[in-house]
Structures are given as C-alpha cells and as structure tokens.
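See below for input-v1.txt, which holds compact mmCIF, C-alpha atoms.
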# COMPACT_ATOMS: atom_id res chain seq x y z
CA ARG Z 1 1.69 -10.78 34.47
CA ASN Z 2 -1.49 -11.75 32.63
CA LEU Z 3 -3.62 -8.62 32.63
CA ALA Z 4 -6.39 -10.21 30.58
CA GLY Z 5 -7.53 -12.25 33.59
CA ASP Z 6 -7.66 -9.14 35.78
CA ALA Z 7 -10.02 -7.47 33.30
CA SER Z 8 -12.61 -10.23 33.36
CA SER Z 9 -14.55 -8.52 36.12
CA ASN Z 10 -14.59 -5.23 34.20
CA THR Z 11 -16.53 -6.32 31.12
CA ASP Z 12 -19.41 -3.98 31.98
CA GLY Z 13 -17.03 -1.02 32.13
CA THR Z 14 -18.07 -0.03 35.67
CA ASP Z 15 -14.62 0.24 37.20
CA ILE Z 16 -12.98 1.89 34.21
CA ASP Z 17 -15.72 4.48 33.82
CA GLN Z 18 -14.98 5.69 37.34
CA PHE Z 19 -11.60 6.97 36.12
CA CYS Z 20 -12.48 8.25 32.65
CA ASP Z 21 -14.99 10.79 31.35
CA ILE Z 22 -14.98 9.49 27.76
CA PRO Z 23 -16.34 6.12 26.57
CA ILE Z 24 -13.69 3.42 26.20
CA THR Z 25 -14.22 0.80 23.48
CA SER Z 26 -11.15 -1.37 24.02
CA ILE Z 27 -7.95 -1.55 26.02
CA PHE Z 28 -4.94 -3.68 25.06
CA PHE Z 29 -1.56 -4.06 26.74
CA GLN Z 30 1.63 -4.75 24.79
CA GLU Z 31 5.03 -5.32 26.41
CA PHE Z 32 8.07 -4.68 24.24
CA GLU Z 33 11.74 -4.23 25.21
CA GLY Z 34 13.07 -3.19 21.81
CA LEU Z 35 14.24 0.27 20.75
CA SER Z 36 11.66 0.80 18.00
CA ASN Z 37 8.07 -0.12 17.26
CA PRO Z 38 7.28 -3.81 17.74
CA PRO Z 39 6.54 -5.89 14.62
CA PRO Z 40 2.84 -6.24 13.69
CA GLN Z 41 2.67 -9.84 14.92
CA HIS Z 42 4.08 -9.00 18.38
CA PRO Z 43 1.58 -10.34 20.98
CA VAL Z 44 -0.85 -8.09 22.81
CA GLN Z 45 -3.09 -8.79 25.80
CA HIS Z 46 -6.76 -7.90 25.61
CA VAL Z 47 -7.55 -6.08 28.84
CA TYR Z 48 -11.00 -4.60 28.40
CA GLY Z 49 -13.90 -4.16 25.98
CA LYS Z 50 -14.17 -5.35 22.39
CA GLU Z 51 -11.37 -7.44 20.87
CA CYS Z 52 -11.78 -5.59 17.56
CA ILE Z 53 -13.34 -2.28 16.64
CA GLU Z 54 -15.32 -1.39 13.52
CA GLU Z 55 -15.16 1.75 11.46
CA LYS Z 56 -17.42 2.83 8.62
CA LEU Z 57 -15.67 4.54 5.74
CA LEU Z 58 -17.73 5.69 2.74
CA GLN Z 59 -19.77 2.63 1.68
CA CYS Z 60 -17.62 0.07 3.50
CA THR Z 61 -17.38 -1.24 7.06
CA PHE Z 62 -13.96 -2.31 8.34
CA GLN Z 63 -12.83 -4.44 11.25
CA ILE Z 64 -9.62 -3.19 12.88
CA SER Z 65 -7.44 -5.32 15.15
CA PRO Z 66 -4.72 -3.92 17.49
CA GLY Z 67 -1.84 -4.81 15.14
CA ALA Z 68 -3.42 -3.37 12.01
CA PHE Z 69 -2.85 0.08 10.54
CA PHE Z 70 -5.85 2.32 9.98
CA GLN Z 71 -6.10 6.02 9.18
CA VAL Z 72 -6.60 8.05 12.35
CA THR Z 73 -9.05 10.61 10.95
CA THR Z 74 -12.09 9.02 9.30
CA GLU Z 75 -13.27 12.10 7.41
CA GLY Z 76 -9.72 12.77 6.23
CA ALA Z 77 -9.41 9.16 5.06
CA GLU Z 78 -12.66 9.47 3.11
CA ASN Z 79 -11.27 12.53 1.31
CA LEU Z 80 -8.01 10.71 0.61
CA TYR Z 81 -9.68 7.58 -0.74
CA GLY Z 82 -12.08 9.70 -2.77
CA VAL Z 83 -9.09 11.18 -4.60
CA VAL Z 84 -7.69 7.67 -5.24
CA VAL Z 85 -11.04 6.43 -6.58
CA ASP Z 86 -11.35 9.41 -8.93
CA LYS Z 87 -7.83 8.88 -10.29
CA LEU Z 88 -8.56 5.21 -11.02
CA LYS Z 89 -11.89 5.93 -12.66
CA GLU Z 90 -10.10 8.19 -15.14
CA VAL Z 91 -8.50 5.16 -16.80
CA THR Z 92 -10.78 2.21 -15.99
CA THR Z 93 -13.06 2.19 -19.01
CA ASN Z 94 -14.22 -1.33 -18.14
CA PRO Z 95 -14.14 -1.41 -14.30
CA LYS Z 96 -15.64 -4.91 -13.88
CA ASP Z 97 -12.70 -6.48 -15.71
CA THR Z 98 -10.02 -4.25 -14.20
CA LEU Z 99 -7.58 -5.74 -11.67
CA LEU Z 100 -6.19 -3.57 -8.89
CA PHE Z 101 -2.89 -4.37 -7.18
CA ASP Z 102 -3.21 -2.90 -3.67
CA VAL Z 103 0.39 -2.82 -2.39
CA CYS Z 104 0.81 -2.26 1.36
CA CYS Z 105 -2.94 -2.78 1.62
CA GLY Z 106 -3.32 -2.90 5.42
CA THR Z 107 -6.86 -3.97 6.33
CA GLY Z 108 -7.93 -3.75 2.68
CA THR Z 109 -9.44 -0.29 2.97
CA ILE Z 110 -8.28 1.19 -0.33
CA GLY Z 111 -8.86 -1.89 -2.48
CA LEU Z 112 -12.30 -2.71 -1.08
CA THR Z 113 -13.35 0.96 -1.25
CA CYS Z 114 -12.29 1.13 -4.90
CA MET Z 115 -14.38 -1.96 -5.67
CA LYS Z 116 -17.38 -0.68 -3.73
CA GLU Z 117 -17.17 2.68 -5.51
CA GLY Z 118 -17.11 0.97 -8.91
CA ALA Z 119 -13.57 1.92 -9.91
CA VAL Z 120 -12.30 -1.68 -10.31
CA GLY Z 121 -13.74 -5.20 -10.33
CA LYS Z 122 -10.93 -7.27 -8.77
CA VAL Z 123 -8.34 -6.69 -6.04
CA VAL Z 124 -5.11 -8.39 -5.01
CA GLY Z 125 -3.86 -6.95 -1.73
CA ILE Z 126 -0.38 -7.43 -0.23
CA ASP Z 127 0.82 -6.42 3.23
CA ILE Z 128 3.53 -7.53 5.68
CA SER Z 129 1.16 -7.50 8.67
CA GLU Z 130 -0.59 -10.83 9.26
CA PRO Z 131 -3.19 -9.28 11.62
CA ALA Z 132 -4.00 -6.69 8.97
CA ILE Z 133 -4.40 -9.34 6.26
CA LYS Z 134 -6.68 -11.38 8.54
CA ASP Z 135 -8.77 -8.24 8.97
CA ALA Z 136 -8.71 -7.65 5.21
CA ILE Z 137 -10.14 -11.11 4.54
CA ILE Z 138 -12.87 -10.54 7.12
CA ASN Z 139 -13.52 -7.08 5.68
CA ALA Z 140 -13.98 -8.56 2.22
CA GLU Z 141 -16.70 -10.80 3.67
CA LYS Z 142 -18.29 -7.92 5.59
CA ASN Z 143 -18.59 -5.90 2.41
CA GLY Z 144 -20.13 -8.57 0.23
CA TYR Z 145 -17.14 -10.41 -1.21
CA ALA Z 146 -17.29 -13.59 0.88
CA GLY Z 147 -15.51 -16.60 -0.63
CA ALA Z 148 -14.62 -14.66 -3.77
CA ASP Z 149 -10.87 -15.30 -4.03
CA ASP Z 150 -10.99 -14.47 -7.72
CA VAL Z 151 -12.44 -11.05 -6.84
CA ALA Z 152 -10.68 -10.10 -3.59
CA ARG Z 153 -7.48 -11.90 -2.57
CA PHE Z 154 -5.10 -10.81 0.19
CA VAL Z 155 -1.56 -12.05 0.84
CA ALA Z 156 0.46 -11.62 4.06
CA SER Z 157 4.09 -11.10 3.06
CA ARG Z 158 6.71 -8.49 2.29
CA ALA Z 159 5.58 -7.01 -1.01
CA GLU Z 160 9.00 -7.40 -2.65
CA LEU Z 161 8.94 -11.17 -1.98
CA VAL Z 162 5.61 -11.91 -3.64
CA MET Z 163 5.01 -9.08 -6.09
CA ASN Z 164 6.71 -10.82 -9.02
CA GLU Z 165 4.75 -14.02 -8.41
CA VAL Z 166 1.44 -12.18 -8.08
CA VAL Z 167 2.06 -10.25 -11.29
CA ARG Z 168 3.12 -13.41 -13.13
CA LYS Z 169 -0.09 -15.25 -12.15
CA ALA Z 170 -2.37 -12.37 -13.12
CA ASP Z 171 -4.51 -12.57 -16.24
CA ARG Z 172 -2.49 -10.72 -18.86
CA ASN Z 173 -5.63 -9.93 -20.86
CA CYS Z 174 -7.34 -7.88 -18.14
CA PRO Z 175 -6.62 -4.16 -17.61
CA MET Z 176 -4.42 -3.51 -14.58
CA VAL Z 177 -3.89 -0.58 -12.24
CA ALA Z 178 -2.04 -0.30 -8.95
CA VAL Z 179 -2.31 1.65 -5.72
CA VAL Z 180 0.74 1.75 -3.46
CA ASP Z 181 0.52 3.10 0.08
CA PRO Z 182 3.89 2.32 1.67
CA ALA Z 183 5.31 3.23 5.05
CA ARG Z 184 7.63 6.23 5.38
CA GLU Z 185 10.62 4.36 3.95
CA GLY Z 186 8.82 3.91 0.64
CA LEU Z 187 8.82 0.98 -1.79
CA HIS Z 188 11.46 -1.73 -1.99
CA GLN Z 189 13.36 -1.65 -5.29
CA ASP Z 190 12.08 -5.14 -6.20
CA VAL Z 191 8.48 -3.89 -5.98
CA ILE Z 192 9.36 -1.04 -8.33
CA LYS Z 193 10.97 -3.53 -10.72
CA ALA Z 194 7.85 -5.74 -10.67
CA LEU Z 195 5.59 -2.76 -11.37
CA ARG Z 196 7.75 -1.63 -14.27
CA ASN Z 197 7.99 -5.16 -15.72
CA GLN Z 198 4.20 -5.47 -16.07
CA PRO Z 199 3.40 -3.88 -19.47
CA GLU Z 200 -0.37 -4.16 -18.94
CA LEU Z 201 -0.06 -1.94 -15.87
CA GLN Z 202 -0.73 1.54 -17.25
CA ARG Z 203 -1.37 3.63 -14.12
CA ILE Z 204 -0.01 3.70 -10.56
CA VAL Z 205 -1.62 5.82 -7.87
CA TYR Z 206 0.99 6.43 -5.16
CA VAL Z 207 -0.27 7.47 -1.71
CA SER Z 208 2.69 8.87 0.21
CA CYS Z 209 3.02 9.87 3.86
CA ASN Z 210 6.58 11.07 3.12
CA PRO Z 211 6.26 13.27 0.01
CA THR Z 212 9.58 15.09 0.48
CA GLY Z 213 11.56 11.90 1.19
CA SER Z 214 10.80 8.41 -0.06
CA LEU Z 215 8.30 9.59 -2.71
CA VAL Z 216 11.06 11.56 -4.42
CA LYS Z 217 13.32 8.49 -4.49
CA ASP Z 218 10.61 6.13 -5.74
CA ALA Z 219 9.40 8.59 -8.37
CA GLY Z 220 12.91 8.75 -9.77
CA LEU Z 221 13.08 4.95 -10.09
CA LEU Z 222 9.63 4.66 -11.64
CA CYS Z 223 10.39 7.38 -14.19
CA THR Z 224 14.02 6.60 -15.00
CA PRO Z 225 14.75 5.43 -18.58
CA GLN Z 226 15.09 1.70 -19.17
CA THR Z 227 18.25 -0.02 -18.00
CA LYS Z 228 19.23 -3.65 -17.52
CA LYS Z 229 18.31 -3.21 -13.87
CA TYR Z 230 15.01 -1.35 -14.32
CA ARG Z 231 13.35 -2.89 -17.36
CA GLY Z 232 10.05 -1.94 -18.89
CA LEU Z 233 8.90 1.39 -20.23
CA PRO Z 234 9.14 4.08 -17.58
CA PHE Z 235 6.26 6.01 -16.06
CA LYS Z 236 5.67 9.75 -16.07
CA ILE Z 237 4.03 11.92 -13.41
CA THR Z 238 0.68 13.20 -14.65
CA ALA Z 239 -0.98 14.49 -11.46
CA ALA Z 240 -0.23 15.30 -7.83
CA GLN Z 241 -2.83 16.08 -5.17
CA PRO Z 242 -1.96 16.88 -1.54
CA VAL Z 243 -4.54 15.87 1.07
CA ASP Z 244 -4.53 17.59 4.47
CA MET Z 245 -5.04 14.65 6.83
CA PHE Z 246 -3.77 16.46 9.92
CA PRO Z 247 -4.99 20.08 10.07
CA LEU Z 248 -2.86 22.65 11.88
CA THR Z 249 0.28 20.58 11.30
CA ASP Z 250 3.01 20.76 8.64
CA HIS Z 251 2.24 17.25 7.40
CA CYS Z 252 0.06 16.18 4.50
CA GLU Z 253 -0.47 13.06 2.40
CA MET Z 254 0.38 13.21 -1.29
CA VAL Z 255 -1.49 11.34 -4.01
CA MET Z 256 0.73 11.16 -7.08
CA VAL Z 257 -0.33 9.60 -10.39
CA PHE Z 258 2.14 7.78 -12.65
CA ASP Z 259 1.13 6.85 -16.21
CA ARG Z 260 3.11 4.52 -18.46
CA MET Z 261 5.08 6.21 -21.22
CA THR Z 262 4.91 5.01 -24.81
CA GLU Z 263 7.93 4.05 -26.90
CA GLU Z 264 7.37 7.19 -28.96
CA GLU Z 265 7.49 9.34 -25.83
CA CYS Z 266 10.69 7.64 -24.67
CA GLY Z 267 12.32 8.17 -28.05
CA GLN Z 268 14.96 5.52 -27.42
CA LYS Z 269 15.64 1.84 -28.03
CA ASP Z 270 15.19 -0.75 -25.30
CA VAL Z 271 18.71 -1.15 -23.92
CA THR Z 272 17.76 -4.58 -22.57
CA LYS Z 273 17.35 -5.89 -26.14
CA THR Z 274 20.23 -4.20 -27.95
CA ASP Z 275 23.38 -6.04 -28.91
CA LYS Z 276 25.99 -6.10 -26.16
CA SER Z 277 28.63 -4.71 -28.52
CA THR Z 278 26.56 -1.57 -29.17
CA SER Z 279 24.69 -1.21 -25.87
CA VAL Z 280 25.90 1.82 -23.97
CA GLU Z 281 24.02 3.16 -20.96
CA PRO Z 282 23.93 6.93 -20.39
CA LYS Z 283 26.62 8.19 -18.04
CA ALA Z 284 24.07 9.96 -15.86
CA GLU Z 285 22.17 6.69 -15.47
CA THR Z 286 25.35 4.83 -14.45
CA LYS Z 287 26.30 7.51 -11.96
CA GLU Z 288 22.84 7.48 -10.40
CA THR Z 289 22.92 3.70 -10.05
CA GLU Z 290 26.31 3.78 -8.37
CA GLU Z 291 25.12 6.39 -5.91
CA GLU Z 292 22.07 4.26 -5.04
CA LYS Z 293 24.03 1.04 -4.62
CA PRO Z 294 25.08 1.49 -0.94
CA LYS Z 295 21.49 2.36 -0.01
CA GLU Z 296 20.13 -0.71 -1.74
CA GLU Z 297 22.65 -2.95 -0.01
CA SER Z 298 21.75 -1.47 3.37
CA ALA Z 299 18.05 -2.11 2.68
What do you get writing this file as structure tokens?
Amino acid sequence: RNLAGDASSNTDGTDIDQFCDIPITSIFFQEFEGLSNPPPQHPVQHVYGKECIEEKLLQCTFQISPGAFFQVTTEGAENLYGVVVDKLKEVTTNPKDTLLFDVCCGTGTIGLTCMKEGAVGKVVGIDISEPAIKDAIINAEKNGYAGADDVARFVASRAELVMNEVVRKADRNCPMVAVVDPAREGLHQDVIKALRNQPELQRIVYVSCNPTGSLVKDAGLLCTPQTKKYRGLPFKITAAQPVDMFPLTDHCEMVMVFDRMTEEECGQKDVTKTDKSTSVEPKAETKETEEEKPKEESA
C-alpha cells in the first residue's frame, strides 16, 4: 500500500497533532521482511512532514535523510567531535595543506566539522551508504564548500574496496591524517592495510562505539610489527578518551589516538624487504595470524 498518497491531506499536521502532544517533523514508513536491519538504500515511503531534517552541530549545519546515520544526542556529538578536532590539531602544523581521510564518514559530519574548526584543509570521505553520501555532498555545499571537489570529496562505497585507490591518488607531498568511525564490527582488514601502507599518514583518530570488542581487534592489527601481510611501520597508542554519549547507561564512545612509530622505535628490519633465505617471522606473529584466519575468511 502506498502510504505517501494517504498523507497528502495531512501536510498541515492537523490530523496527526490530534494524536500526539509533541511536534512531529517527519514520518517515514519502511517495510522490510529480513531478520536484521535493512541496508541503507532500502526504500522508504515519505508519509508526513519534511523529507529531510536539519541539525546544527557546532559551526556546521547538516541535512539528514532517513537512511543516513547521525548521532542521536547533539550535545554529546559536539563533545565527541570536539575531542576529535583537538586530537587532530595537535599534529596539523599546517592545517590548510593537511588532508583528512574520513573513513565511515556518514553525512560528512566529522570531516566537515574538522575543516570548519580549522583542523584540516581537505577531506576525502568514504561511506557505504549512498543516502548518507548524497547528504554529505549537500552538506559540503551548505557549509561553504560548494563545487570544491579538491577540498571536500565524498565516495559511496565499502571502504575496503576504494581505500587503496583513494590513498594512491592522494598528493604524497601533503600531510595526511585519518579519522575512522566504523560500525560495531570495526574496520575491514583491507582498510587497516591501506592505512598502514600510507607512510605520510602519521596519525589516526579512531572513534569506536565498541571499545571492548572491535576496537581491541583493530588496535592489535594497527600496532602489530610489520609482516608480509601488514606492511608499513606500525602505529602506537598515544591517547584514549572516553566520551559519555548516553548518560545513565553502561555504554560510552572511545576516542583512541594512534601515532606512527619510527624505525628506531620498532628496532627491527622491514621483513618485507629482507632476503627470503634469512626472513623469519616471529612465532607469536605467525600464531596470531593463524588464529585470525578463520575470522577473516568469514568476513
């Protein structure tokens, strides 16, 4: 049944207000017969009110469509993004020339906020949700970055499928930082590989909604010594800041900072460049990789 046609007579909100004591901005209907959440592109019917809502967050204004993710608590999100901005400003000595990779960017909130707050000068955002990326492009225009693909560019795809290409096309001479804000399952191993393989990338700010689960796994892969599978100098954890997004609950977001280690800090040769006859990987590393293998295949 097409509910959108039934709502045409309710555009003034008269009928709906008779049944509700709080103001209603929008109503959408989504039918789904699956066992889990529908994919972001699954169709919805607009029943009542505005087709998109707007939210102001710090200095930015964001358009939010039904299929896009957005933080539930605005004041909590401002605190969270403030922590991210501060952590980026610690290392961006020349913000105008600094490129930010915003992985799992959603509607572009983190990347655009970081630009508006003067932490970085360019953003490349990646997210699987096409509605969210459409919102991100509109949000770039709303916040003064209209038609500036070289300043704010957003890509709708699985991050692991495009991350290597995005990194390869980036200007190797500009400073690079990254913010990752994945779903509860964390980052795909190919994203971690791409981040490690970019030597110009010196800091990653990881925003985790699952600090006791996927963050632990991803931190181990970002910080593990070099192997033929995970090339590039590893990162080290230099800061961790919990943010209470949902008061009176057991849950919190975690902002964890990873900085690139130097060769001196690693104190070992690059096993990817040593001669095959003398290259021996540590037993602990081999054991860890074998234990991870079934999980990676299932992913």
### Task
Just the residues within 7 Å of range 114-122 of chain Z, please, counting all atoms listed in the file, with nothing from its chain fewer than 4 positions along; format it as number ranges by chain.
Z: 59, 85, 88-89, 92, 95-100, 110, 151-152
Please write the residues from the selection above to a file, keeping C-alpha atoms, as a PDB file, in the frame of the given file.
ATOM      1  CA  GLN Z  59     -19.770   2.630   1.680  1.00  0.00           C
ATOM      2  CA  VAL Z  85     -11.040   6.430  -6.580  1.00  0.00           C
ATOM      3  CA  LEU Z  88      -8.560   5.210 -11.020  1.00  0.00           C
ATOM      4  CA  LYS Z  89     -11.890   5.930 -12.660  1.00  0.00           C
ATOM      5  CA  THR Z  92     -10.780   2.210 -15.990  1.00  0.00           C
ATOM      6  CA  PRO Z  95     -14.140  -1.410 -14.300  1.00  0.00           C
ATOM      7  CA  LYS Z  96     -15.640  -4.910 -13.880  1.00  0.00           C
ATOM      8  CA  ASP Z  97     -12.700  -6.480 -15.710  1.00  0.00           C
ATOM      9  CA  THR Z  98     -10.020  -4.250 -14.200  1.00  0.00           C
ATOM     10  CA  LEU Z  99      -7.580  -5.740 -11.670  1.00  0.00           C
ATOM     11  CA  LEU Z 100      -6.190  -3.570  -8.890  1.00  0.00           C
ATOM     12  CA  ILE Z 110      -8.280   1.190  -0.330  1.00  0.00           C
ATOM     13  CA  VAL Z 151     -12.440 -11.050  -6.840  1.00  0.00           C
ATOM     14  CA  ALA Z 152     -10.680 -10.100  -3.590  1.00  0.00           C
TER      15      ALA Z 152
END
### Summary
Across Z:Ser157, Z:Asn164, Z:Ser36, Z:Thr212, the smallest distance to Arg184 in chain Z, with only C-alpha atoms counted, is shown by Z:Thr212
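Reported to one decimal place, the separation of CA of Glu31 in chain Z from CA of Asp135 in chain Z is 22.4 Å.
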### Task
List every protein, DNA or RNA residue with an atom no more than 7 Å from (-3.1, 1.1, -8.3) in the file's coordinates, counting all atoms listed in the file, and format the result as a PyMOL selection string.
chain Z and resi 100-102+177-180+203-205
### Task
Show which residues sit within 6 Å of Phe28 in chain Z, as a PyMOL selection string. Count only C-alpha atoms, and ignore same-chain residues fewer than 6 positions away.
chain Z and resi 45-47
### Query
Do you have the CA of Ser214 in chain Z-CA of Glu185 in chain Z distance handy?
5.7 Å
### Task
Please tell me which residues are no farther than 12 Å from (11.3, 0.2, -18.8) in the file, counting all atoms listed in the file, and write them as a PyMOL selection string.
chain Z and resi 192-199+201+221-236+260-263+266+268-273
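Interatomic distance, CA of Glu51 in chain Z to CA of Ile22 in chain Z: 18.6 Å.
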Per residue of range 171-248 of chain Z within 8 Å of range 73-79 of chain Z, what are the shortest atom pair and its distance in Å to one decimal, counting all atoms listed in the file, with rows by chain and residue number, as JSON lines?
{"residue": "Z:Val243", "atom": "CA", "partner": "Z:Asn79", "partner_atom": "CA", "distance": 7.5}
{"residue": "Z:Asp244", "atom": "CA", "partner": "Z:Gly76", "partner_atom": "CA", "distance": 7.3}
{"residue": "Z:Met245", "atom": "CA", "partner": "Z:Gly76", "partner_atom": "CA", "distance": 5.1}
{"residue": "Z:Phe246", "atom": "CA", "partner": "Z:Gly76", "partner_atom": "CA", "distance": 7.9}
File dump, residues just selected, C-alpha atoms, as a tab-separated table (two decimals), in the coordinates of the input:
chain	number	residue	atom	x	y	z
Z	243	VAL	CA	-4.54	15.87	1.07
Z	244	ASP	CA	-4.53	17.59	4.47
Z	245	MET	CA	-5.04	14.65	6.83
Z	246	PHE	CA	-3.77	16.46	9.92
